[in-house]
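Note: the block below is work.cif and it holds mmCIF, N, CA and C atoms.
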```cif
data_entry
#
loop_
_atom_site.label_atom_id
_atom_site.label_comp_id
_atom_site.auth_asym_id
_atom_site.auth_seq_id
_atom_site.Cartn_x
_atom_site.Cartn_y
_atom_site.Cartn_z
N MET A 1 -14.52 36.43 68.69
CA MET A 1 -14.20 36.81 67.32
C MET A 1 -15.18 36.14 66.37
N PHE A 2 -15.57 36.90 65.35
CA PHE A 2 -16.45 36.38 64.32
C PHE A 2 -15.64 36.12 63.06
N GLU A 3 -15.87 34.97 62.44
CA GLU A 3 -15.27 34.66 61.15
C GLU A 3 -16.33 34.89 60.09
N ILE A 4 -15.96 35.68 59.07
CA ILE A 4 -16.90 36.03 58.02
C ILE A 4 -16.32 35.55 56.69
N TYR A 5 -17.04 34.65 56.04
CA TYR A 5 -16.64 34.13 54.73
C TYR A 5 -17.49 34.85 53.68
N ILE A 6 -16.82 35.43 52.68
CA ILE A 6 -17.55 36.20 51.66
C ILE A 6 -17.22 35.71 50.26
N ASP A 7 -18.21 35.85 49.38
CA ASP A 7 -17.98 35.55 47.97
C ASP A 7 -18.98 36.32 47.13
N GLY A 8 -18.52 36.77 45.99
CA GLY A 8 -19.38 37.39 44.99
C GLY A 8 -19.34 36.52 43.75
N ALA A 9 -20.46 36.45 43.05
CA ALA A 9 -20.53 35.62 41.84
C ALA A 9 -21.41 36.29 40.81
N SER A 10 -21.10 36.04 39.55
CA SER A 10 -21.89 36.55 38.43
C SER A 10 -22.15 35.45 37.43
N ALA A 11 -23.34 35.45 36.86
CA ALA A 11 -23.68 34.54 35.76
C ALA A 11 -23.52 35.34 34.48
N GLY A 12 -22.31 35.40 33.98
CA GLY A 12 -21.97 36.27 32.87
C GLY A 12 -21.06 37.36 33.41
N ASN A 13 -20.44 38.10 32.52
CA ASN A 13 -19.51 39.12 32.99
C ASN A 13 -19.59 40.36 32.10
N PRO A 14 -20.53 41.27 32.31
CA PRO A 14 -21.44 41.32 33.46
C PRO A 14 -22.65 40.41 33.28
N GLY A 15 -23.35 40.24 34.37
CA GLY A 15 -24.57 39.44 34.37
C GLY A 15 -25.20 39.47 35.74
N PRO A 16 -26.30 38.73 35.92
CA PRO A 16 -26.95 38.67 37.23
C PRO A 16 -25.93 38.23 38.28
N SER A 17 -25.90 38.95 39.39
CA SER A 17 -24.85 38.73 40.39
C SER A 17 -25.44 38.58 41.79
N GLY A 18 -24.62 37.99 42.66
CA GLY A 18 -25.05 37.82 44.04
C GLY A 18 -23.89 37.80 45.00
N ALA A 19 -24.21 38.12 46.25
CA ALA A 19 -23.23 38.09 47.33
C ALA A 19 -23.60 36.97 48.28
N GLY A 20 -22.60 36.21 48.70
CA GLY A 20 -22.78 35.16 49.68
C GLY A 20 -21.96 35.49 50.91
N ILE A 21 -22.59 35.46 52.08
CA ILE A 21 -21.93 35.82 53.33
C ILE A 21 -22.28 34.76 54.37
N PHE A 22 -21.24 34.17 54.94
CA PHE A 22 -21.41 33.15 55.98
C PHE A 22 -20.65 33.65 57.21
N ILE A 23 -21.36 33.81 58.32
CA ILE A 23 -20.78 34.35 59.55
C ILE A 23 -20.91 33.32 60.66
N LYS A 24 -19.80 33.11 61.40
CA LYS A 24 -19.88 32.23 62.57
C LYS A 24 -18.98 32.79 63.66
N GLY A 25 -19.44 32.56 64.89
CA GLY A 25 -18.66 32.99 66.04
C GLY A 25 -19.55 33.29 67.23
N ASN A 26 -19.02 33.08 68.43
CA ASN A 26 -19.77 33.35 69.67
C ASN A 26 -21.15 32.68 69.67
N GLY A 27 -21.22 31.47 69.12
CA GLY A 27 -22.49 30.74 69.10
C GLY A 27 -23.45 31.18 68.01
N VAL A 28 -23.02 32.10 67.17
CA VAL A 28 -23.86 32.64 66.10
C VAL A 28 -23.49 31.99 64.77
N VAL A 29 -24.49 31.67 63.97
CA VAL A 29 -24.28 31.25 62.59
C VAL A 29 -25.29 32.02 61.74
N GLU A 30 -24.78 32.76 60.77
CA GLU A 30 -25.65 33.53 59.87
C GLU A 30 -25.31 33.19 58.44
N LYS A 31 -26.35 33.12 57.60
CA LYS A 31 -26.17 32.89 56.17
C LYS A 31 -26.96 33.96 55.43
N HIS A 32 -26.29 34.62 54.49
CA HIS A 32 -26.93 35.67 53.71
C HIS A 32 -26.70 35.44 52.23
N SER A 33 -27.78 35.47 51.44
CA SER A 33 -27.72 35.45 49.98
C SER A 33 -28.36 36.74 49.51
N ILE A 34 -27.55 37.62 48.93
CA ILE A 34 -28.02 38.96 48.58
C ILE A 34 -27.89 39.17 47.07
N PRO A 35 -29.04 39.30 46.37
CA PRO A 35 -28.98 39.59 44.94
C PRO A 35 -28.42 40.99 44.71
N LEU A 36 -27.58 41.14 43.69
CA LEU A 36 -26.90 42.42 43.45
C LEU A 36 -27.27 43.06 42.12
N GLY A 37 -28.17 42.45 41.35
CA GLY A 37 -28.46 42.99 40.02
C GLY A 37 -27.38 42.57 39.04
N SER A 38 -27.21 43.34 37.98
CA SER A 38 -26.24 43.00 36.95
C SER A 38 -24.93 43.75 37.15
N MET A 39 -23.84 42.98 37.23
CA MET A 39 -22.51 43.58 37.38
C MET A 39 -21.46 42.53 37.04
N SER A 40 -20.20 42.96 37.04
CA SER A 40 -19.10 42.02 36.78
C SER A 40 -18.80 41.20 38.03
N ASN A 41 -18.08 40.12 37.82
CA ASN A 41 -17.71 39.26 38.95
C ASN A 41 -16.86 40.03 39.96
N HIS A 42 -15.92 40.85 39.49
CA HIS A 42 -15.07 41.60 40.41
C HIS A 42 -15.90 42.60 41.23
N GLU A 43 -16.85 43.26 40.58
CA GLU A 43 -17.73 44.17 41.32
C GLU A 43 -18.51 43.40 42.38
N ALA A 44 -19.00 42.22 42.03
CA ALA A 44 -19.77 41.40 42.98
C ALA A 44 -18.91 41.03 44.19
N GLU A 45 -17.63 40.77 43.97
CA GLU A 45 -16.73 40.46 45.09
C GLU A 45 -16.63 41.65 46.04
N TYR A 46 -16.47 42.85 45.50
CA TYR A 46 -16.40 44.05 46.34
C TYR A 46 -17.71 44.29 47.07
N TYR A 47 -18.83 44.15 46.36
CA TYR A 47 -20.12 44.38 47.00
C TYR A 47 -20.40 43.35 48.10
N ALA A 48 -19.97 42.12 47.91
CA ALA A 48 -20.13 41.10 48.95
C ALA A 48 -19.36 41.52 50.20
N PHE A 49 -18.16 42.04 50.01
CA PHE A 49 -17.34 42.52 51.12
C PHE A 49 -18.03 43.67 51.84
N ILE A 50 -18.51 44.64 51.09
CA ILE A 50 -19.17 45.82 51.68
C ILE A 50 -20.44 45.40 52.43
N LYS A 51 -21.26 44.56 51.80
CA LYS A 51 -22.50 44.10 52.47
C LYS A 51 -22.17 43.36 53.77
N ALA A 52 -21.13 42.53 53.75
CA ALA A 52 -20.75 41.79 54.96
C ALA A 52 -20.28 42.75 56.05
N LEU A 53 -19.51 43.75 55.68
CA LEU A 53 -19.07 44.75 56.66
C LEU A 53 -20.28 45.45 57.27
N GLU A 54 -21.24 45.84 56.44
CA GLU A 54 -22.44 46.52 56.93
C GLU A 54 -23.25 45.63 57.88
N ILE A 55 -23.36 44.35 57.55
CA ILE A 55 -24.09 43.41 58.42
C ILE A 55 -23.39 43.31 59.77
N CYS A 56 -22.08 43.17 59.75
CA CYS A 56 -21.32 43.05 61.01
C CYS A 56 -21.46 44.31 61.86
N ILE A 57 -21.40 45.45 61.23
CA ILE A 57 -21.55 46.72 61.96
C ILE A 57 -22.94 46.82 62.57
N SER A 58 -23.97 46.49 61.77
CA SER A 58 -25.34 46.61 62.28
C SER A 58 -25.62 45.61 63.41
N ASN A 59 -24.89 44.49 63.43
CA ASN A 59 -25.06 43.50 64.49
C ASN A 59 -24.16 43.77 65.70
N GLY A 60 -23.32 44.78 65.60
CA GLY A 60 -22.45 45.14 66.72
C GLY A 60 -21.23 44.25 66.90
N TYR A 61 -20.84 43.52 65.85
CA TYR A 61 -19.64 42.68 65.93
C TYR A 61 -18.42 43.60 65.88
N LYS A 62 -17.55 43.52 66.85
CA LYS A 62 -16.41 44.44 66.95
C LYS A 62 -15.07 43.82 66.58
N VAL A 63 -14.97 42.49 66.69
CA VAL A 63 -13.72 41.79 66.36
C VAL A 63 -14.06 40.78 65.27
N VAL A 64 -13.54 41.04 64.06
CA VAL A 64 -13.92 40.24 62.90
C VAL A 64 -12.71 39.78 62.11
N SER A 65 -12.83 38.60 61.56
CA SER A 65 -11.80 38.04 60.69
C SER A 65 -12.48 37.59 59.40
N PHE A 66 -12.21 38.32 58.33
CA PHE A 66 -12.82 38.03 57.04
C PHE A 66 -11.99 37.02 56.27
N ARG A 67 -12.68 36.17 55.50
CA ARG A 67 -12.04 35.19 54.63
C ARG A 67 -12.62 35.38 53.23
N THR A 68 -11.76 35.45 52.24
CA THR A 68 -12.20 35.58 50.86
C THR A 68 -11.32 34.76 49.94
N ASP A 69 -11.92 34.26 48.85
CA ASP A 69 -11.11 33.58 47.84
C ASP A 69 -10.78 34.53 46.69
N SER A 70 -11.13 35.80 46.86
CA SER A 70 -10.83 36.81 45.84
C SER A 70 -9.47 37.44 46.13
N GLU A 71 -8.49 37.05 45.33
CA GLU A 71 -7.16 37.64 45.49
C GLU A 71 -7.21 39.14 45.21
N LEU A 72 -8.05 39.54 44.26
CA LEU A 72 -8.19 40.95 43.89
C LEU A 72 -8.60 41.79 45.10
N VAL A 73 -9.66 41.38 45.78
CA VAL A 73 -10.16 42.15 46.93
C VAL A 73 -9.17 42.06 48.09
N ASN A 74 -8.67 40.88 48.36
CA ASN A 74 -7.72 40.72 49.47
C ASN A 74 -6.49 41.60 49.29
N ARG A 75 -5.93 41.58 48.09
CA ARG A 75 -4.73 42.38 47.80
C ARG A 75 -5.04 43.88 47.90
N ALA A 76 -6.20 44.30 47.39
CA ALA A 76 -6.58 45.71 47.43
C ALA A 76 -6.72 46.19 48.88
N VAL A 77 -7.34 45.37 49.73
CA VAL A 77 -7.51 45.75 51.14
C VAL A 77 -6.15 45.79 51.84
N GLU A 78 -5.32 44.80 51.57
CA GLU A 78 -4.00 44.72 52.18
C GLU A 78 -3.14 45.94 51.82
N LYS A 79 -3.16 46.33 50.55
CA LYS A 79 -2.32 47.44 50.07
C LYS A 79 -3.04 48.79 50.13
N GLU A 80 -4.37 48.75 50.38
CA GLU A 80 -5.20 49.94 50.36
C GLU A 80 -5.04 50.68 49.04
N PHE A 81 -5.04 49.90 47.95
CA PHE A 81 -4.82 50.45 46.62
C PHE A 81 -5.40 49.51 45.56
N VAL A 82 -5.98 50.09 44.51
CA VAL A 82 -6.43 49.31 43.36
C VAL A 82 -5.82 49.87 42.09
N LYS A 83 -5.44 48.99 41.20
CA LYS A 83 -4.92 49.43 39.90
C LYS A 83 -6.06 49.93 39.02
N ASN A 84 -7.16 49.19 39.01
CA ASN A 84 -8.32 49.55 38.20
C ASN A 84 -9.13 50.61 38.93
N LYS A 85 -9.10 51.82 38.42
CA LYS A 85 -9.75 52.96 39.10
C LYS A 85 -11.26 52.79 39.22
N GLN A 86 -11.84 51.89 38.41
CA GLN A 86 -13.28 51.61 38.51
C GLN A 86 -13.65 51.11 39.90
N PHE A 87 -12.71 50.40 40.54
CA PHE A 87 -12.99 49.81 41.85
C PHE A 87 -12.58 50.71 43.02
N ALA A 88 -11.94 51.83 42.73
CA ALA A 88 -11.45 52.72 43.79
C ALA A 88 -12.56 53.18 44.74
N PRO A 89 -13.74 53.61 44.25
CA PRO A 89 -14.80 54.03 45.19
C PRO A 89 -15.28 52.88 46.08
N LEU A 90 -15.31 51.66 45.53
CA LEU A 90 -15.74 50.51 46.32
C LEU A 90 -14.72 50.19 47.42
N LEU A 91 -13.44 50.23 47.07
CA LEU A 91 -12.40 49.99 48.06
C LEU A 91 -12.42 51.08 49.13
N GLU A 92 -12.59 52.32 48.71
CA GLU A 92 -12.62 53.44 49.66
C GLU A 92 -13.76 53.26 50.67
N LYS A 93 -14.94 52.89 50.17
CA LYS A 93 -16.09 52.67 51.07
C LYS A 93 -15.80 51.53 52.04
N ALA A 94 -15.25 50.43 51.51
CA ALA A 94 -14.94 49.27 52.35
C ALA A 94 -13.92 49.63 53.43
N LEU A 95 -12.88 50.35 53.06
CA LEU A 95 -11.85 50.72 54.04
C LEU A 95 -12.42 51.64 55.13
N GLU A 96 -13.32 52.52 54.75
CA GLU A 96 -13.98 53.38 55.75
C GLU A 96 -14.76 52.53 56.74
N LEU A 97 -15.46 51.52 56.24
CA LEU A 97 -16.25 50.64 57.11
C LEU A 97 -15.36 49.82 58.04
N THR A 98 -14.18 49.40 57.56
CA THR A 98 -13.30 48.58 58.40
C THR A 98 -12.82 49.35 59.63
N LYS A 99 -12.82 50.66 59.56
CA LYS A 99 -12.37 51.49 60.69
C LYS A 99 -13.33 51.45 61.88
N GLN A 100 -14.53 50.90 61.66
CA GLN A 100 -15.53 50.85 62.73
C GLN A 100 -15.38 49.63 63.64
N PHE A 101 -14.39 48.79 63.36
CA PHE A 101 -14.17 47.60 64.17
C PHE A 101 -13.01 47.81 65.13
N ASP A 102 -13.07 47.14 66.29
CA ASP A 102 -11.95 47.18 67.22
C ASP A 102 -10.76 46.43 66.63
N LEU A 103 -11.05 45.28 66.01
CA LEU A 103 -10.03 44.50 65.30
C LEU A 103 -10.62 44.00 64.01
N PHE A 104 -9.89 44.20 62.91
CA PHE A 104 -10.32 43.74 61.60
C PHE A 104 -9.17 42.99 60.95
N PHE A 105 -9.45 41.78 60.48
CA PHE A 105 -8.46 40.98 59.76
C PHE A 105 -9.08 40.53 58.45
N MET A 106 -8.25 40.35 57.44
CA MET A 106 -8.71 39.73 56.21
C MET A 106 -7.64 38.76 55.74
N LYS A 107 -8.10 37.60 55.29
CA LYS A 107 -7.18 36.55 54.86
C LYS A 107 -7.70 35.93 53.58
N TRP A 108 -6.79 35.69 52.63
CA TRP A 108 -7.15 34.96 51.42
C TRP A 108 -7.18 33.47 51.75
N ILE A 109 -8.20 32.79 51.21
CA ILE A 109 -8.30 31.34 51.37
C ILE A 109 -8.60 30.73 49.99
N PRO A 110 -8.22 29.47 49.79
CA PRO A 110 -8.56 28.81 48.52
C PRO A 110 -10.08 28.63 48.39
N SER A 111 -10.55 28.57 47.17
CA SER A 111 -11.99 28.41 46.91
C SER A 111 -12.59 27.21 47.63
N ALA A 112 -11.82 26.15 47.75
CA ALA A 112 -12.32 24.93 48.41
C ALA A 112 -12.70 25.18 49.87
N GLN A 113 -12.08 26.18 50.49
CA GLN A 113 -12.39 26.50 51.89
C GLN A 113 -13.50 27.56 52.01
N ASN A 114 -14.03 27.99 50.86
CA ASN A 114 -15.03 29.05 50.85
C ASN A 114 -16.35 28.57 50.23
N ARG A 115 -16.60 27.28 50.32
CA ARG A 115 -17.76 26.68 49.64
C ARG A 115 -19.09 27.23 50.13
N GLN A 116 -19.21 27.46 51.44
CA GLN A 116 -20.50 27.94 51.96
C GLN A 116 -20.85 29.31 51.40
N ALA A 117 -19.89 30.23 51.39
CA ALA A 117 -20.14 31.56 50.84
C ALA A 117 -20.42 31.47 49.34
N ASP A 118 -19.70 30.60 48.64
CA ASP A 118 -19.90 30.42 47.21
C ASP A 118 -21.32 29.93 46.92
N GLU A 119 -21.79 28.95 47.67
CA GLU A 119 -23.15 28.44 47.47
C GLU A 119 -24.19 29.52 47.75
N LEU A 120 -23.96 30.34 48.77
CA LEU A 120 -24.88 31.43 49.09
C LEU A 120 -24.89 32.48 47.98
N ALA A 121 -23.72 32.76 47.40
CA ALA A 121 -23.63 33.74 46.31
C ALA A 121 -24.36 33.22 45.07
N ARG A 122 -24.20 31.94 44.78
CA ARG A 122 -24.88 31.36 43.62
C ARG A 122 -26.40 31.35 43.82
N ALA A 123 -26.83 31.10 45.04
CA ALA A 123 -28.26 31.15 45.35
C ALA A 123 -28.79 32.57 45.17
N ALA A 124 -27.97 33.56 45.53
CA ALA A 124 -28.37 34.97 45.39
C ALA A 124 -28.55 35.36 43.93
N ILE A 125 -27.74 34.78 43.03
CA ILE A 125 -27.91 35.06 41.59
C ILE A 125 -29.32 34.69 41.16
N ARG A 126 -29.78 33.53 41.61
CA ARG A 126 -31.12 33.06 41.25
C ARG A 126 -32.22 33.94 41.83
N LEU A 127 -31.92 34.67 42.90
CA LEU A 127 -32.92 35.54 43.54
C LEU A 127 -33.13 36.85 42.77
N ASN A 128 -32.23 37.17 41.84
CA ASN A 128 -32.33 38.43 41.10
C ASN A 128 -33.64 38.58 40.34
N ASN A 129 -34.18 37.49 39.83
CA ASN A 129 -35.39 37.58 39.00
C ASN A 129 -36.69 37.34 39.77
N LYS A 130 -36.56 37.16 41.10
CA LYS A 130 -37.75 36.89 41.90
C LYS A 130 -38.19 38.16 42.64
N ASP A 131 -39.48 38.36 42.71
CA ASP A 131 -40.00 39.54 43.41
C ASP A 131 -40.79 39.14 44.62
#
```

Let me see whether you can do it: turn the structure in this file into structure tokens.
Amino acid sequence: MFEIYIDGASAGNPGPSGAGIFIKGNGVVEKHSIPLGSMSNHEAEYYAFIKALEICISNGYKVVSFRTDSELVNRAVEKEFVKNKQFAPLLEKALELTKQFDLFFMKWIPSAQNRQADELARAAIRLNNKD
């Protein structure tokens, strides 16, 4: 099983944003800092989730356990529903991707347990202006 820690961050709301993804399991450790351009913090959280799902699929990981400190994303995935219709297409895409795993879990964790993903997301914000 692979544990995937995800976080999205924005410098401003909206503002330069980034996704942080930390993956560990089966002797593998991966760190990803992905610049996302300008968006809201909530959008960045969804995009971090989607990017992490895509990475896991491309690497052939079939049993995954996601960890997020975003109650918004965790609740939306759990209920398969969003109140804010702006996020509906993002949730729909993410849910489609989750179907490609043999086992998919998602768990909310406190921010203190998600420091590695948070640091990667903050580093990704700084990458937005670099070419």

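Around the point (-27.0, 43.0, 48.4), within 10 Å and counting only C-alpha atoms, we find these residues: Ser17, Gly18, Ala19, Gly20, His32, Ser33, Ile34, Pro35, Leu36, Gly37, Ala44, Tyr47, Ala48, Ile50, Lys51, Ala52 and Ala124 of chain A.
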
Emit the selected residues as an mmCIF file, keeping the file's coordinate frame, including N, CA and C atoms.
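Wrote it out as out-v7.cif, contents follow:
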```cif
data_model
loop_
_atom_site.group_PDB
_atom_site.id
_atom_site.type_symbol
_atom_site.label_atom_id
_atom_site.label_comp_id
_atom_site.auth_asym_id
_atom_site.auth_seq_id
_atom_site.Cartn_x
_atom_site.Cartn_y
_atom_site.Cartn_z
ATOM 1 N N SER A 17 -25.900 38.950 39.390
ATOM 2 C CA SER A 17 -24.850 38.730 40.390
ATOM 3 C C SER A 17 -25.440 38.580 41.790
ATOM 4 N N GLY A 18 -24.620 37.990 42.660
ATOM 5 C CA GLY A 18 -25.050 37.820 44.040
ATOM 6 C C GLY A 18 -23.890 37.800 45.000
ATOM 7 N N ALA A 19 -24.210 38.120 46.250
ATOM 8 C CA ALA A 19 -23.230 38.090 47.330
ATOM 9 C C ALA A 19 -23.600 36.970 48.280
ATOM 10 N N GLY A 20 -22.600 36.210 48.700
ATOM 11 C CA GLY A 20 -22.780 35.160 49.680
ATOM 12 C C GLY A 20 -21.960 35.490 50.910
ATOM 13 N N HIS A 32 -26.290 34.620 54.490
ATOM 14 C CA HIS A 32 -26.930 35.670 53.710
ATOM 15 C C HIS A 32 -26.700 35.440 52.230
ATOM 16 N N SER A 33 -27.780 35.470 51.440
ATOM 17 C CA SER A 33 -27.720 35.450 49.980
ATOM 18 C C SER A 33 -28.360 36.740 49.510
ATOM 19 N N ILE A 34 -27.550 37.620 48.930
ATOM 20 C CA ILE A 34 -28.020 38.960 48.580
ATOM 21 C C ILE A 34 -27.890 39.170 47.070
ATOM 22 N N PRO A 35 -29.040 39.300 46.370
ATOM 23 C CA PRO A 35 -28.980 39.590 44.940
ATOM 24 C C PRO A 35 -28.420 40.990 44.710
ATOM 25 N N LEU A 36 -27.580 41.140 43.690
ATOM 26 C CA LEU A 36 -26.900 42.420 43.450
ATOM 27 C C LEU A 36 -27.270 43.060 42.120
ATOM 28 N N GLY A 37 -28.170 42.450 41.350
ATOM 29 C CA GLY A 37 -28.460 42.990 40.020
ATOM 30 C C GLY A 37 -27.380 42.570 39.040
ATOM 31 N N ALA A 44 -19.000 42.220 42.030
ATOM 32 C CA ALA A 44 -19.770 41.400 42.980
ATOM 33 C C ALA A 44 -18.910 41.030 44.190
ATOM 34 N N TYR A 47 -18.830 44.150 46.360
ATOM 35 C CA TYR A 47 -20.120 44.380 47.000
ATOM 36 C C TYR A 47 -20.400 43.350 48.100
ATOM 37 N N ALA A 48 -19.970 42.120 47.910
ATOM 38 C CA ALA A 48 -20.130 41.100 48.950
ATOM 39 C C ALA A 48 -19.360 41.520 50.200
ATOM 40 N N ILE A 50 -18.510 44.640 51.090
ATOM 41 C CA ILE A 50 -19.170 45.820 51.680
ATOM 42 C C ILE A 50 -20.440 45.400 52.430
ATOM 43 N N LYS A 51 -21.260 44.560 51.800
ATOM 44 C CA LYS A 51 -22.500 44.100 52.470
ATOM 45 C C LYS A 51 -22.170 43.360 53.770
ATOM 46 N N ALA A 52 -21.130 42.530 53.750
ATOM 47 C CA ALA A 52 -20.750 41.790 54.960
ATOM 48 C C ALA A 52 -20.280 42.750 56.050
ATOM 49 N N ALA A 124 -27.970 33.560 45.530
ATOM 50 C CA ALA A 124 -28.370 34.970 45.390
ATOM 51 C C ALA A 124 -28.550 35.360 43.930
#
```

message: For the PyMOL selection byres ((chain A and resi 68-77) around 7), applied here, can you spell out every residue it catches as a PyMOL selection string?
response: chain A and resi 4-7+45-46+66-67+78-82+91+106-111+114

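The spacing separating atom C of A:Val64 from atom N of A:Pro16 amounts to 29.5 Å.
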
query: Distance atom C of A:Cys56-atom N of A:Lys24, one decimal place?
result: 11.3 Å

query: Applied to this file, what does the PyMOL selection byres ((chain A and resi 61) around 8) return in terms of residues, put as an MDAnalysis selection string?
result: chainID A and resid 1:2 55:60 62:64 100:103

task: Based on DSSP run over this structure's backbone, return all residues of chain A in strand (DSSP E or B), as a PyMOL selection string.
output: chain A and resi 2-10+15-25+28-39+63-68+103-108

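Here atom C of A:Ala9 and atom C of A:Ser40 stand 6.2 Å from one another.
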
query: Within 6 Å of A:Ile23, counting all atoms listed in the file, which residues qualify if same-chain residues fewer than 2 places away don't, as a list in words?
result: Glu3, Ile4, Tyr5, Ile21, Gly25, Val28, Val29, Glu30 and Lys31 of chain A

- request: Taking the file above as input, evaluate the PyMOL selection byres ((chain A and resi 14) around 7) and report the hits as a VMD selection string.
  value: chain A and resid 10 to 13 15 to 16 38 to 41

Write a file of the selected residues as a PDB file, keeping the file's coordinate frame, keeping N, CA and C atoms.
```
ATOM      1  N   SER A  10     -21.100  36.040  39.550  1.00  0.00           N
ATOM      2  CA  SER A  10     -21.890  36.550  38.430  1.00  0.00           C
ATOM      3  C   SER A  10     -22.150  35.450  37.430  1.00  0.00           C
ATOM      4  N   ALA A  11     -23.340  35.450  36.860  1.00  0.00           N
ATOM      5  CA  ALA A  11     -23.680  34.540  35.760  1.00  0.00           C
ATOM      6  C   ALA A  11     -23.520  35.340  34.480  1.00  0.00           C
ATOM      7  N   GLY A  12     -22.310  35.400  33.980  1.00  0.00           N
ATOM      8  CA  GLY A  12     -21.970  36.270  32.870  1.00  0.00           C
ATOM      9  C   GLY A  12     -21.060  37.360  33.410  1.00  0.00           C
ATOM     10  N   ASN A  13     -20.440  38.100  32.520  1.00  0.00           N
ATOM     11  CA  ASN A  13     -19.510  39.120  32.990  1.00  0.00           C
ATOM     12  C   ASN A  13     -19.590  40.360  32.100  1.00  0.00           C
ATOM     13  N   GLY A  15     -23.350  40.240  34.370  1.00  0.00           N
ATOM     14  CA  GLY A  15     -24.570  39.440  34.370  1.00  0.00           C
ATOM     15  C   GLY A  15     -25.200  39.470  35.740  1.00  0.00           C
ATOM     16  N   PRO A  16     -26.300  38.730  35.920  1.00  0.00           N
ATOM     17  CA  PRO A  16     -26.950  38.670  37.230  1.00  0.00           C
ATOM     18  C   PRO A  16     -25.930  38.230  38.280  1.00  0.00           C
ATOM     19  N   SER A  38     -27.210  43.340  37.980  1.00  0.00           N
ATOM     20  CA  SER A  38     -26.240  43.000  36.950  1.00  0.00           C
ATOM     21  C   SER A  38     -24.930  43.750  37.150  1.00  0.00           C
ATOM     22  N   MET A  39     -23.840  42.980  37.230  1.00  0.00           N
ATOM     23  CA  MET A  39     -22.510  43.580  37.380  1.00  0.00           C
ATOM     24  C   MET A  39     -21.460  42.530  37.040  1.00  0.00           C
ATOM     25  N   SER A  40     -20.200  42.960  37.040  1.00  0.00           N
ATOM     26  CA  SER A  40     -19.100  42.020  36.780  1.00  0.00           C
ATOM     27  C   SER A  40     -18.800  41.200  38.030  1.00  0.00           C
ATOM     28  N   ASN A  41     -18.080  40.120  37.820  1.00  0.00           N
ATOM     29  CA  ASN A  41     -17.710  39.260  38.950  1.00  0.00           C
ATOM     30  C   ASN A  41     -16.860  40.030  39.960  1.00  0.00           C
TER      31      ASN A  41
END
```
